[in-house]
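What's in start27.pdb: PDB, C-alpha atoms and all ligand atoms
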ATOM      1  CA  MET A 255       6.161 -20.319  14.004  1.00  0.00           C
ATOM      2  CA  SER A 256       5.385 -23.797  12.727  1.00  0.00           C
ATOM      3  CA  LYS A 257       4.820 -24.992   9.217  1.00  0.00           C
ATOM      4  CA  LEU A 258       1.126 -25.176  10.107  1.00  0.00           C
ATOM      5  CA  GLY A 259       1.258 -21.481  11.055  1.00  0.00           C
ATOM      6  CA  ASP A 260       2.856 -20.730   7.695  1.00  0.00           C
ATOM      7  CA  ILE A 261       0.040 -22.511   5.898  1.00  0.00           C
ATOM      8  CA  ILE A 262      -2.726 -20.909   7.985  1.00  0.00           C
ATOM      9  CA  PHE A 263      -1.320 -17.408   7.600  1.00  0.00           C
ATOM     10  CA  PHE A 264      -0.191 -17.717   3.934  1.00  0.00           C
ATOM     11  CA  ARG A 265       3.352 -16.830   4.924  1.00  0.00           C
ATOM     12  CA  GLU A 266       5.024 -18.693   2.083  1.00  0.00           C
ATOM     13  CA  HIS A 267       4.328 -17.037  -1.111  1.00  0.00           C
ATOM     14  CA  GLY A 268       0.741 -17.399  -1.744  1.00  0.00           C
ATOM     15  CA  VAL A 269      -1.439 -14.628  -2.742  1.00  0.00           C
ATOM     16  CA  CYS A 270      -4.207 -14.063  -0.212  1.00  0.00           C
ATOM     17  CA  PRO A 271      -7.378 -15.642  -1.661  1.00  0.00           C
ATOM     18  CA  ARG A 272     -10.672 -13.722  -1.895  1.00  0.00           C
ATOM     19  CA  TRP A 273     -12.437 -16.006   0.603  1.00  0.00           C
ATOM     20  CA  PHE A 274      -9.822 -15.198   3.272  1.00  0.00           C
ATOM     21  CA  CYS A 275     -10.635 -11.455   3.309  1.00  0.00           C
ATOM     22  CA  PHE A 276     -13.281 -11.765   6.036  1.00  0.00           C
ATOM     23  CA  THR A 277     -10.477 -12.557   8.517  1.00  0.00           C
ATOM     24  CA  PHE A 278      -8.846  -9.111   8.166  1.00  0.00           C
ATOM     25  CA  ASP A 279     -11.430  -6.883   6.499  1.00  0.00           C
ATOM     26  CA  ASN A 280     -14.078  -6.636   9.214  1.00  0.00           C
ATOM     27  CA  ARG A 281     -15.486  -4.430  11.994  1.00  0.00           C
ATOM     28  CA  LEU A 282     -13.032  -5.736  14.590  1.00  0.00           C
ATOM     29  CA  ARG A 283     -10.073  -4.480  12.564  1.00  0.00           C
ATOM     30  CA  ARG A 284     -11.588  -1.001  12.571  1.00  0.00           C
ATOM     31  CA  LEU A 285     -11.340  -0.916  16.348  1.00  0.00           C
ATOM     32  CA  VAL A 286      -7.569  -1.329  16.272  1.00  0.00           C
ATOM     33  CA  GLN A 287      -6.707   0.022  12.815  1.00  0.00           C
ATOM     34  CA  ASN A 288      -8.830   2.948  11.757  1.00  0.00           C
ATOM     35  CA  PRO A 289      -8.298   3.399   7.995  1.00  0.00           C
ATOM     36  CA  ASP A 290      -9.344   7.074   7.985  1.00  0.00           C
ATOM     37  CA  ARG A 291      -6.848   7.931  10.686  1.00  0.00           C
ATOM     38  CA  ILE A 292      -4.030   6.088   8.895  1.00  0.00           C
ATOM     39  CA  ILE A 293      -4.540   7.809   5.543  1.00  0.00           C
ATOM     40  CA  ARG A 294      -5.477  11.289   6.814  1.00  0.00           C
ATOM     41  CA  PRO A 295      -1.901  12.706   6.947  1.00  0.00           C
ATOM     42  CA  PHE A 296      -1.180  11.613   3.377  1.00  0.00           C
ATOM     43  CA  VAL A 297      -4.351  12.059   1.324  1.00  0.00           C
ATOM     44  CA  GLY A 298      -6.313  15.211   0.551  1.00  0.00           C
ATOM     45  CA  ALA A 299      -9.102  16.396  -1.720  1.00  0.00           C
ATOM     46  CA  GLY A 300      -8.254  16.164  -5.408  1.00  0.00           C
ATOM     47  CA  ASP A 301      -5.331  13.751  -4.968  1.00  0.00           C
ATOM     48  CA  ARG A 302      -4.526  10.860  -7.252  1.00  0.00           C
ATOM     49  CA  VAL A 303      -3.734   7.842  -5.081  1.00  0.00           C
ATOM     50  CA  LEU A 304      -2.569   4.324  -5.883  1.00  0.00           C
ATOM     51  CA  ASP A 305      -3.814   1.616  -3.502  1.00  0.00           C
ATOM     52  CA  VAL A 306      -1.719  -1.356  -4.517  1.00  0.00           C
ATOM     53  CA  GLY A 307      -2.981  -4.780  -3.413  1.00  0.00           C
ATOM     54  CA  PRO A 308      -6.217  -3.284  -2.070  1.00  0.00           C
ATOM     55  CA  GLY A 309      -7.979  -6.591  -1.428  1.00  0.00           C
ATOM     56  CA  ILE A 310     -11.686  -5.778  -1.268  1.00  0.00           C
ATOM     57  CA  GLY A 311     -11.040  -2.142  -0.414  1.00  0.00           C
ATOM     58  CA  TYR A 312     -10.483  -1.717   3.314  1.00  0.00           C
ATOM     59  CA  PHE A 313      -8.523   1.450   2.497  1.00  0.00           C
ATOM     60  CA  THR A 314      -9.812   2.111  -1.041  1.00  0.00           C
ATOM     61  CA  ILE A 315     -13.263   3.243   0.075  1.00  0.00           C
ATOM     62  CA  PRO A 316     -12.060   5.707   2.770  1.00  0.00           C
ATOM     63  CA  ILE A 317      -9.435   7.042   0.333  1.00  0.00           C
ATOM     64  CA  ALA A 318     -12.128   7.539  -2.327  1.00  0.00           C
ATOM     65  CA  ARG A 319     -14.229   9.519   0.153  1.00  0.00           C
ATOM     66  CA  ARG A 320     -11.248  11.638   1.092  1.00  0.00           C
ATOM     67  CA  VAL A 321     -10.051  12.494  -2.440  1.00  0.00           C
ATOM     68  CA  GLY A 322     -13.605  13.520  -3.334  1.00  0.00           C
ATOM     69  CA  SER A 323     -15.087  14.061  -6.775  1.00  0.00           C
ATOM     70  CA  GLY A 324     -11.972  15.881  -8.039  1.00  0.00           C
ATOM     71  CA  GLY A 325      -9.600  13.047  -7.113  1.00  0.00           C
ATOM     72  CA  ARG A 326      -9.050   9.397  -7.978  1.00  0.00           C
ATOM     73  CA  VAL A 327      -7.936   6.247  -6.254  1.00  0.00           C
ATOM     74  CA  ILE A 328      -6.543   3.511  -8.441  1.00  0.00           C
ATOM     75  CA  ALA A 329      -7.123   0.077  -6.980  1.00  0.00           C
ATOM     76  CA  ALA A 330      -4.425  -2.164  -8.503  1.00  0.00           C
ATOM     77  CA  ASP A 331      -4.765  -5.825  -7.684  1.00  0.00           C
ATOM     78  CA  ILE A 332      -3.611  -9.018  -9.300  1.00  0.00           C
ATOM     79  CA  GLN A 333      -6.956 -10.739  -8.619  1.00  0.00           C
ATOM     80  CA  GLU A 334     -10.055  -9.736 -10.518  1.00  0.00           C
ATOM     81  CA  SER A 335     -12.255 -11.138  -7.734  1.00  0.00           C
ATOM     82  CA  MET A 336     -10.842  -8.501  -5.348  1.00  0.00           C
ATOM     83  CA  LEU A 337     -11.583  -5.716  -7.831  1.00  0.00           C
ATOM     84  CA  ARG A 338     -15.159  -6.997  -8.184  1.00  0.00           C
ATOM     85  CA  GLY A 339     -15.491  -6.853  -4.387  1.00  0.00           C
ATOM     86  CA  ILE A 340     -14.356  -3.218  -4.456  1.00  0.00           C
ATOM     87  CA  VAL A 341     -16.933  -2.318  -7.113  1.00  0.00           C
ATOM     88  CA  ARG A 342     -19.781  -3.734  -5.011  1.00  0.00           C
ATOM     89  CA  ARG A 343     -18.616  -1.863  -1.923  1.00  0.00           C
ATOM     90  CA  ALA A 344     -17.943   1.382  -3.784  1.00  0.00           C
ATOM     91  CA  GLU A 345     -21.422   1.382  -5.302  1.00  0.00           C
ATOM     92  CA  ARG A 346     -22.962   0.919  -1.858  1.00  0.00           C
ATOM     93  CA  ALA A 347     -20.791   3.737  -0.467  1.00  0.00           C
ATOM     94  CA  GLY A 348     -21.558   6.078  -3.383  1.00  0.00           C
ATOM     95  CA  VAL A 349     -17.893   6.519  -4.363  1.00  0.00           C
ATOM     96  CA  ARG A 350     -17.672   4.358  -7.503  1.00  0.00           C
ATOM     97  CA  GLY A 351     -16.929   7.448  -9.627  1.00  0.00           C
ATOM     98  CA  GLN A 352     -13.725   8.151  -7.700  1.00  0.00           C
ATOM     99  CA  ILE A 353     -12.265   4.653  -8.220  1.00  0.00           C
ATOM    100  CA  GLU A 354     -10.298   3.316 -11.200  1.00  0.00           C
ATOM    101  CA  LEU A 355      -9.678  -0.409 -11.355  1.00  0.00           C
ATOM    102  CA  TYR A 356      -6.320  -1.721 -12.525  1.00  0.00           C
ATOM    103  CA  LEU A 357      -5.678  -5.415 -13.063  1.00  0.00           C
ATOM    104  CA  SER A 358      -1.984  -5.875 -12.233  1.00  0.00           C
ATOM    105  CA  ARG A 359       0.263  -8.662 -13.507  1.00  0.00           C
ATOM    106  CA  PRO A 360       2.988 -10.198 -11.340  1.00  0.00           C
ATOM    107  CA  ASP A 361       5.621  -8.366 -13.425  1.00  0.00           C
ATOM    108  CA  GLU A 362       3.587  -5.218 -14.115  1.00  0.00           C
ATOM    109  CA  ILE A 363       1.980  -3.784 -11.004  1.00  0.00           C
ATOM    110  CA  TYR A 364       1.022  -0.358 -12.372  1.00  0.00           C
ATOM    111  CA  SER A 365       2.193   1.748 -15.278  1.00  0.00           C
ATOM    112  CA  GLY A 366      -0.392   4.530 -15.466  1.00  0.00           C
ATOM    113  CA  GLU A 367      -0.253   8.244 -14.701  1.00  0.00           C
ATOM    114  CA  PRO A 368       1.951   9.286 -11.733  1.00  0.00           C
ATOM    115  CA  VAL A 369       0.271   9.695  -8.362  1.00  0.00           C
ATOM    116  CA  ASP A 370       0.467  11.847  -5.206  1.00  0.00           C
ATOM    117  CA  PHE A 371       0.489   8.954  -2.790  1.00  0.00           C
ATOM    118  CA  ILE A 372       0.923   5.162  -2.878  1.00  0.00           C
ATOM    119  CA  LEU A 373      -0.338   2.796  -0.216  1.00  0.00           C
ATOM    120  CA  SER A 374       0.929  -0.777  -0.019  1.00  0.00           C
ATOM    121  CA  PHE A 375      -0.775  -2.220   3.044  1.00  0.00           C
ATOM    122  CA  TRP A 376      -0.263  -5.819   4.138  1.00  0.00           C
ATOM    123  CA  MET A 377       0.553  -6.975   0.615  1.00  0.00           C
ATOM    124  CA  ALA A 378       4.282  -6.589  -0.277  1.00  0.00           C
ATOM    125  CA  HIS A 379       5.172  -9.933   1.349  1.00  0.00           C
ATOM    126  CA  GLU A 380       2.997 -11.574  -1.339  1.00  0.00           C
ATOM    127  CA  VAL A 381       5.069 -10.099  -4.181  1.00  0.00           C
ATOM    128  CA  PRO A 382       7.811 -12.436  -5.461  1.00  0.00           C
ATOM    129  CA  ARG A 383      10.127  -9.808  -7.034  1.00  0.00           C
ATOM    130  CA  LEU A 384      10.194  -6.933  -4.568  1.00  0.00           C
ATOM    131  CA  ASP A 385      13.125  -5.219  -6.312  1.00  0.00           C
ATOM    132  CA  ARG A 386      11.027  -4.831  -9.464  1.00  0.00           C
ATOM    133  CA  PHE A 387       7.940  -3.944  -7.406  1.00  0.00           C
ATOM    134  CA  PHE A 388       9.689  -1.040  -5.659  1.00  0.00           C
ATOM    135  CA  ARG A 389      11.206   0.226  -8.924  1.00  0.00           C
ATOM    136  CA  GLN A 390       7.759   0.341 -10.518  1.00  0.00           C
ATOM    137  CA  LEU A 391       6.221   2.096  -7.528  1.00  0.00           C
ATOM    138  CA  ARG A 392       8.980   4.674  -7.479  1.00  0.00           C
ATOM    139  CA  ALA A 393       8.394   5.364 -11.178  1.00  0.00           C
ATOM    140  CA  ALA A 394       4.697   5.899 -10.400  1.00  0.00           C
ATOM    141  CA  LEU A 395       5.364   8.604  -7.782  1.00  0.00           C
ATOM    142  CA  LYS A 396       5.258  12.292  -8.642  1.00  0.00           C
ATOM    143  CA  PRO A 397       8.575  13.830  -7.492  1.00  0.00           C
ATOM    144  CA  ALA A 398       7.170  15.175  -4.219  1.00  0.00           C
ATOM    145  CA  ALA A 399       4.822  12.270  -3.546  1.00  0.00           C
ATOM    146  CA  ARG A 400       4.950   9.746  -0.700  1.00  0.00           C
ATOM    147  CA  PHE A 401       4.761   5.966  -0.426  1.00  0.00           C
ATOM    148  CA  LEU A 402       3.570   4.210   2.740  1.00  0.00           C
ATOM    149  CA  LEU A 403       4.579   0.581   3.163  1.00  0.00           C
ATOM    150  CA  ALA A 404       2.941  -1.414   5.961  1.00  0.00           C
ATOM    151  CA  GLU A 405       3.419  -5.099   6.616  1.00  0.00           C
ATOM    152  CA  PRO A 406       1.645  -7.313   9.165  1.00  0.00           C
ATOM    153  CA  LYS A 407       3.769  -8.271  12.162  1.00  0.00           C
ATOM    154  CA  LEU A 408       1.980 -11.608  12.173  1.00  0.00           C
ATOM    155  CA  HIS A 409       3.437 -12.609   8.791  1.00  0.00           C
ATOM    156  CA  VAL A 410       6.594 -10.527   8.446  1.00  0.00           C
ATOM    157  CA  SER A 411       9.448 -10.517  10.948  1.00  0.00           C
ATOM    158  CA  ARG A 412      11.366  -7.376  11.819  1.00  0.00           C
ATOM    159  CA  ALA A 413      14.391  -8.735   9.905  1.00  0.00           C
ATOM    160  CA  GLN A 414      12.277  -9.416   6.815  1.00  0.00           C
ATOM    161  CA  PHE A 415      10.861  -5.902   6.980  1.00  0.00           C
ATOM    162  CA  ASP A 416      14.353  -4.437   7.238  1.00  0.00           C
ATOM    163  CA  GLY A 417      15.187  -6.461   4.115  1.00  0.00           C
ATOM    164  CA  GLU A 418      12.185  -4.933   2.331  1.00  0.00           C
ATOM    165  CA  ILE A 419      13.353  -1.444   3.316  1.00  0.00           C
ATOM    166  CA  ASP A 420      16.816  -2.196   1.931  1.00  0.00           C
ATOM    167  CA  LEU A 421      15.312  -3.271  -1.386  1.00  0.00           C
ATOM    168  CA  ALA A 422      13.137  -0.147  -1.491  1.00  0.00           C
ATOM    169  CA  GLN A 423      16.190   2.045  -0.895  1.00  0.00           C
ATOM    170  CA  LYS A 424      18.153   0.195  -3.579  1.00  0.00           C
ATOM    171  CA  ALA A 425      15.266   1.016  -5.932  1.00  0.00           C
ATOM    172  CA  GLY A 426      15.876   4.714  -5.200  1.00  0.00           C
ATOM    173  CA  LEU A 427      13.157   5.339  -2.620  1.00  0.00           C
ATOM    174  CA  VAL A 428      14.169   7.494   0.345  1.00  0.00           C
ATOM    175  CA  LEU A 429      13.163   6.399   3.835  1.00  0.00           C
ATOM    176  CA  LEU A 430      11.631   9.392   5.638  1.00  0.00           C
ATOM    177  CA  GLU A 431       9.957   7.953   8.732  1.00  0.00           C
ATOM    178  CA  ARG A 432       9.027   4.729  10.421  1.00  0.00           C
ATOM    179  CA  PRO A 433       5.460   5.509  11.492  1.00  0.00           C
ATOM    180  CA  ALA A 434       3.836   3.494  14.255  1.00  0.00           C
ATOM    181  CA  ILE A 435       0.876   1.546  12.873  1.00  0.00           C
ATOM    182  CA  SER A 436      -0.912  -0.975  15.048  1.00  0.00           C
ATOM    183  CA  LEU A 437      -0.187  -4.649  14.317  1.00  0.00           C
ATOM    184  CA  SER A 438       2.226  -3.543  11.593  1.00  0.00           C
ATOM    185  CA  HIS A 439       5.717  -2.514  10.609  1.00  0.00           C
ATOM    186  CA  GLY A 440       5.544   0.834   8.827  1.00  0.00           C
ATOM    187  CA  ALA A 441       7.855   2.824   6.563  1.00  0.00           C
ATOM    188  CA  LEU A 442       7.217   6.094   4.747  1.00  0.00           C
ATOM    189  CA  PHE A 443       9.261   6.866   1.633  1.00  0.00           C
ATOM    190  CA  GLY A 444       9.831   9.794  -0.683  1.00  0.00           C
ATOM    191  CA  SER A 445      10.542   9.414  -4.392  1.00  0.00           C
ATOM    192  CA  GLY A 446      14.163  10.510  -4.039  1.00  0.00           C
ATOM    193  CA  ARG A 447      13.636  12.999  -6.857  1.00  0.00           C
ATOM    194  CA  VAL A 448      13.611  16.737  -6.385  1.00  0.00           C
ATOM    195  CA  GLY A 449      10.349  18.305  -7.382  1.00  0.00           C
ATOM    196  CA  THR A 450       7.387  20.317  -6.350  1.00  0.00           C
ATOM    197  CA  SER A 451       4.474  18.579  -8.024  1.00  0.00           C
ATOM    198  CA  GLY A 452       2.441  16.806  -5.406  1.00  0.00           C
ATOM    199  CA  ARG A 453       0.978  17.723  -2.046  1.00  0.00           C
ATOM    200  CA  PHE A 454       4.142  17.326   0.027  1.00  0.00           C
ATOM    201  CA  PRO A 455       7.170  19.621   0.335  1.00  0.00           C
ATOM    202  CA  ALA A 456       9.848  18.961  -2.272  1.00  0.00           C
ATOM    203  CA  ASP A 457      11.814  15.857  -1.435  1.00  0.00           C
ATOM    204  CA  GLN A 458      15.401  17.041  -1.480  1.00  0.00           C
ATOM    205  CA  ARG A 459      16.889  14.335   0.684  1.00  0.00           C
ATOM    206  CA  GLU A 460      19.228  11.900  -0.947  1.00  0.00           C
ATOM    207  CA  GLU A 461      20.237  10.091   2.204  1.00  0.00           C
ATOM    208  CA  SER A 462      17.742   8.526   4.557  1.00  0.00           C
ATOM    209  CA  PRO A 463      17.166  10.705   7.626  1.00  0.00           C
ATOM    210  CA  VAL A 464      15.852   7.711   9.556  1.00  0.00           C
ATOM    211  CA  SER A 465      17.983   5.166  11.315  1.00  0.00           C
ATOM    212  CA  ARG A 466      16.893   1.632  12.136  1.00  0.00           C
ATOM    213  CA  LYS A 467      16.709   2.487  15.836  1.00  0.00           C
ATOM    214  CA  ASP A 468      13.590   4.526  15.170  1.00  0.00           C
ATOM    215  CA  ASP A 469      11.446   1.440  14.579  1.00  0.00           C
ATOM    216  CA  ARG A 470       9.703   0.648  17.825  1.00  0.00           C
TER
HETATM  217  C1  LIG B   1      -3.732  -9.444   2.479  1.00  0.00           C
HETATM  218  S1  LIG B   1      -4.482  -8.590   1.113  1.00  0.00           S
HETATM  219  C2  LIG B   1      -4.374  -6.934   1.744  1.00  0.00           C
HETATM  220  C3  LIG B   1      -5.542  -6.112   1.312  1.00  0.00           C
HETATM  221  C4  LIG B   1      -5.603  -4.665   1.792  1.00  0.00           C
HETATM  222  N1  LIG B   1      -4.443  -3.887   1.406  1.00  0.00           N
HETATM  223  C5  LIG B   1      -5.865  -4.542   3.264  1.00  0.00           C
HETATM  224  O1  LIG B   1      -5.001  -4.018   4.001  1.00  0.00           O
HETATM  225  O2  LIG B   1      -6.942  -4.967   3.703  1.00  0.00           O
HETATM  226  C6  LIG B   1      -3.201  -8.593  -0.125  1.00  0.00           C
HETATM  227  C7  LIG B   1      -3.701  -8.172  -1.497  1.00  0.00           C
HETATM  228  O3  LIG B   1      -2.565  -7.965  -2.356  1.00  0.00           O
HETATM  229  C8  LIG B   1      -2.878  -8.475  -3.651  1.00  0.00           C
HETATM  230  N2  LIG B   1      -1.627  -8.757  -4.370  1.00  0.00           N
HETATM  231  C9  LIG B   1      -0.713  -9.723  -4.130  1.00  0.00           C
HETATM  232  N3  LIG B   1       0.306  -9.658  -5.004  1.00  0.00           N
HETATM  233  C10 LIG B   1       0.039  -8.597  -5.821  1.00  0.00           C
HETATM  234  C11 LIG B   1       0.718  -7.998  -6.936  1.00  0.00           C
HETATM  235  N4  LIG B   1       1.877  -8.489  -7.393  1.00  0.00           N
HETATM  236  N5  LIG B   1       0.147  -6.934  -7.529  1.00  0.00           N
HETATM  237  C12 LIG B   1      -1.023  -6.429  -7.068  1.00  0.00           C
HETATM  238  N6  LIG B   1      -1.710  -6.956  -6.030  1.00  0.00           N
HETATM  239  C13 LIG B   1      -1.190  -8.026  -5.424  1.00  0.00           C
HETATM  240  C14 LIG B   1      -3.715  -9.704  -3.352  1.00  0.00           C
HETATM  241  O4  LIG B   1      -4.464 -10.116  -4.468  1.00  0.00           O
HETATM  242  C15 LIG B   1      -4.585  -9.202  -2.185  1.00  0.00           C
HETATM  243  O5  LIG B   1      -5.731  -8.566  -2.662  1.00  0.00           O
END
Show how you would write the structure in this file as C-alpha cells.
Amino acid sequence: MSKLGDIIFFREHGVCPRWFCFTFDNRLRRLVQNPDRIIRPFVGAGDRVLDVGPGIGYFTIPIARRVGSGGRVIAADIQESMLRGIVRRAERAGVRGQIELYLSRPDEIYSGEPVDFILSFWMAHEVPRLDRFFRQLRAALKPAARFLLAEPKLHVSRAQFDGEIDLAQKAGLVLLERPAISLSHGALFGSGRVGTSGRFPADQREESPVSRKDDR
C-alpha cells in the first residue's frame, strides 16, 4: 500500500507504541481471533511458556489461566510500559502469580530457563535482526517444545513471511505445520533437536515436512 499506509500501520520498523494497543487488543478482536482457542493445542497445565512481544497481554492472560498455579508464562517485551499493562490486567484477572516479566533488549530477547512453548504473535516484523531473534528462541526451547509464529496479513506480505520462515529454518528451527489463523500467516516449528522433555512427542525430524503449498 501507500507510504501513508506504512506510517499508519507501523510497517517500517517501528515498534508498536503502547497507545496503539487499543486498535488490536479489544473485544472485537476476540470475535475473530479467540486467544484461548489458538493456544489450547499447545499449552497445558504446569507448562512454562514464553510469550515474546506480548504487548499488554492479549495472549499472556489466557496462557496464565491455562498453565495454572504450577506453570509460568514469561512475558518478554522490549517496552516496560507494555509489561506494566500486563501487571494491571493480571492482577484484575487473578493470575499475577503465574506471570514472570522479562524486559528484553533488541539484541537479547530472552536468555532464561528453557520453555515448553513459545508464542510470537504479531511482533516478529518489528524485530530488526530476525536471524539473531530466531537463534535465541531456538536456544530457549526444550528439545521437544514448539514455537508458533504468527504475523498479521495487514503488515506482512506472503513473500515477507516466507522470508521469515527461511530465516527461522536457517537458525535450526524445523517447520512442522502452517496452521490457519484468522487475519494472520502462521507457522509452527519444532526445536530441531531430538529429545523427550516437553509436552510434545520427540521432535526427530531434520527436514521440514511442510511444503510452501500448504499455506492457504
Ligand atoms: C503489535 S504488538 C503485539 C502484541 C501481542 N503479541 C498481541 O498479539 O496482541 C508487538 C509487541 O512486540 C514488542 N516487541 C517489538 N520488538 C521486540 C523485541 N525485539 N523484543 C521483545 N518485544 C518486542 C512490542 O513492544 C509490542 O509490545
Decode the PyMOL selection byres (((not hetatm)) within 9 of (chain B and resi 1)) for the given file into explicit residues and return them as a ChimeraX atom specification.
/A:268-272,274-275,278-279,305-314,329-337,356-364,373-384,387,404-406
Apply the PyMOL selection byres (((chain A and resi 297) around 12) and not hetatm) to the file shown and report the selected residues as a CSV table (one decimal) with C-alpha atoms, keeping the file's coordinate frame.
chain,number,residue,atom,x,y,z
A,289,PRO,CA,-8.3,3.4,8.0
A,290,ASP,CA,-9.3,7.1,8.0
A,291,ARG,CA,-6.8,7.9,10.7
A,292,ILE,CA,-4.0,6.1,8.9
A,293,ILE,CA,-4.5,7.8,5.5
A,294,ARG,CA,-5.5,11.3,6.8
A,295,PRO,CA,-1.9,12.7,6.9
A,296,PHE,CA,-1.2,11.6,3.4
A,298,GLY,CA,-6.3,15.2,0.6
A,299,ALA,CA,-9.1,16.4,-1.7
A,300,GLY,CA,-8.3,16.2,-5.4
A,301,ASP,CA,-5.3,13.8,-5.0
A,302,ARG,CA,-4.5,10.9,-7.3
A,303,VAL,CA,-3.7,7.8,-5.1
A,304,LEU,CA,-2.6,4.3,-5.9
A,305,ASP,CA,-3.8,1.6,-3.5
A,313,PHE,CA,-8.5,1.4,2.5
A,314,THR,CA,-9.8,2.1,-1.0
A,316,PRO,CA,-12.1,5.7,2.8
A,317,ILE,CA,-9.4,7.0,0.3
A,318,ALA,CA,-12.1,7.5,-2.3
A,319,ARG,CA,-14.2,9.5,0.2
A,320,ARG,CA,-11.2,11.6,1.1
A,321,VAL,CA,-10.1,12.5,-2.4
A,322,GLY,CA,-13.6,13.5,-3.3
A,325,GLY,CA,-9.6,13.0,-7.1
A,326,ARG,CA,-9.0,9.4,-8.0
A,327,VAL,CA,-7.9,6.2,-6.3
A,369,VAL,CA,0.3,9.7,-8.4
A,370,ASP,CA,0.5,11.8,-5.2
A,371,PHE,CA,0.5,9.0,-2.8
A,372,ILE,CA,0.9,5.2,-2.9
A,373,LEU,CA,-0.3,2.8,-0.2
A,399,ALA,CA,4.8,12.3,-3.5
A,400,ARG,CA,5.0,9.7,-0.7
A,401,PHE,CA,4.8,6.0,-0.4
A,402,LEU,CA,3.6,4.2,2.7
A,452,GLY,CA,2.4,16.8,-5.4
A,453,ARG,CA,1.0,17.7,-2.0
A,454,PHE,CA,4.1,17.3,0.0
Written as a PDB file with C-alpha atoms, in the coordinates of the input, what is the full residue list that the PyMOL selection byres (((chain A and resi 411-427) around 7) and not hetatm) yields on the file shown?
ATOM      1  CA  ASP A 385      13.125  -5.219  -6.312  1.00  0.00           C
ATOM      2  CA  PHE A 388       9.689  -1.040  -5.659  1.00  0.00           C
ATOM      3  CA  ARG A 389      11.206   0.226  -8.924  1.00  0.00           C
ATOM      4  CA  ARG A 392       8.980   4.674  -7.479  1.00  0.00           C
ATOM      5  CA  LYS A 407       3.769  -8.271  12.162  1.00  0.00           C
ATOM      6  CA  HIS A 409       3.437 -12.609   8.791  1.00  0.00           C
ATOM      7  CA  VAL A 410       6.594 -10.527   8.446  1.00  0.00           C
ATOM      8  CA  VAL A 428      14.169   7.494   0.345  1.00  0.00           C
ATOM      9  CA  LEU A 429      13.163   6.399   3.835  1.00  0.00           C
ATOM     10  CA  PHE A 443       9.261   6.866   1.633  1.00  0.00           C
ATOM     11  CA  GLY A 444       9.831   9.794  -0.683  1.00  0.00           C
ATOM     12  CA  SER A 445      10.542   9.414  -4.392  1.00  0.00           C
ATOM     13  CA  GLY A 446      14.163  10.510  -4.039  1.00  0.00           C
TER      14      GLY A 446
END
What does the distance between atom CA of Leu437 of chain A and atom CA of Arg350 of chain A come to in Å, to one decimal place?
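Pair atom CA of Leu437 of chain A / atom CA of Arg350 of chain A returns 29.4 Å.
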Computed interatomic separation between atom CA of Arg342 of chain A and atom CA of Phe276 of chain A (Å)
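So the two atoms, atom CA of Arg342 of chain A and atom CA of Phe276 of chain A, lie 15.1 Å apart.
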First collect every listed atom of segment 388-396 of chain A; then fit an axis-aligned box around them, widen it by 8 Å on each side, and give centre and edge lengths in Å to one decimal, as AutoDock Vina command-line options.
--center_x 8.0 --center_y 5.6 --center_z -8.4 --size_x 22.5 --size_y 29.3 --size_z 21.5
Just to confirm, what's the straight-line distance from atom CA of Glu345 of chain A to atom CA of Thr277 of chain A in Å (one decimal)?
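Straight-line distance from atom CA of Glu345 of chain A to atom CA of Thr277 of chain A works out to 22.5 Å.
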Using only C-alpha atoms, can you tell me which of A:Gln287, A:Gln352, A:Asn280, A:Ser323 comes closest to Ala434 of chain A?
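For Ala434 of chain A, the nearest of the candidates is A:Gln287.
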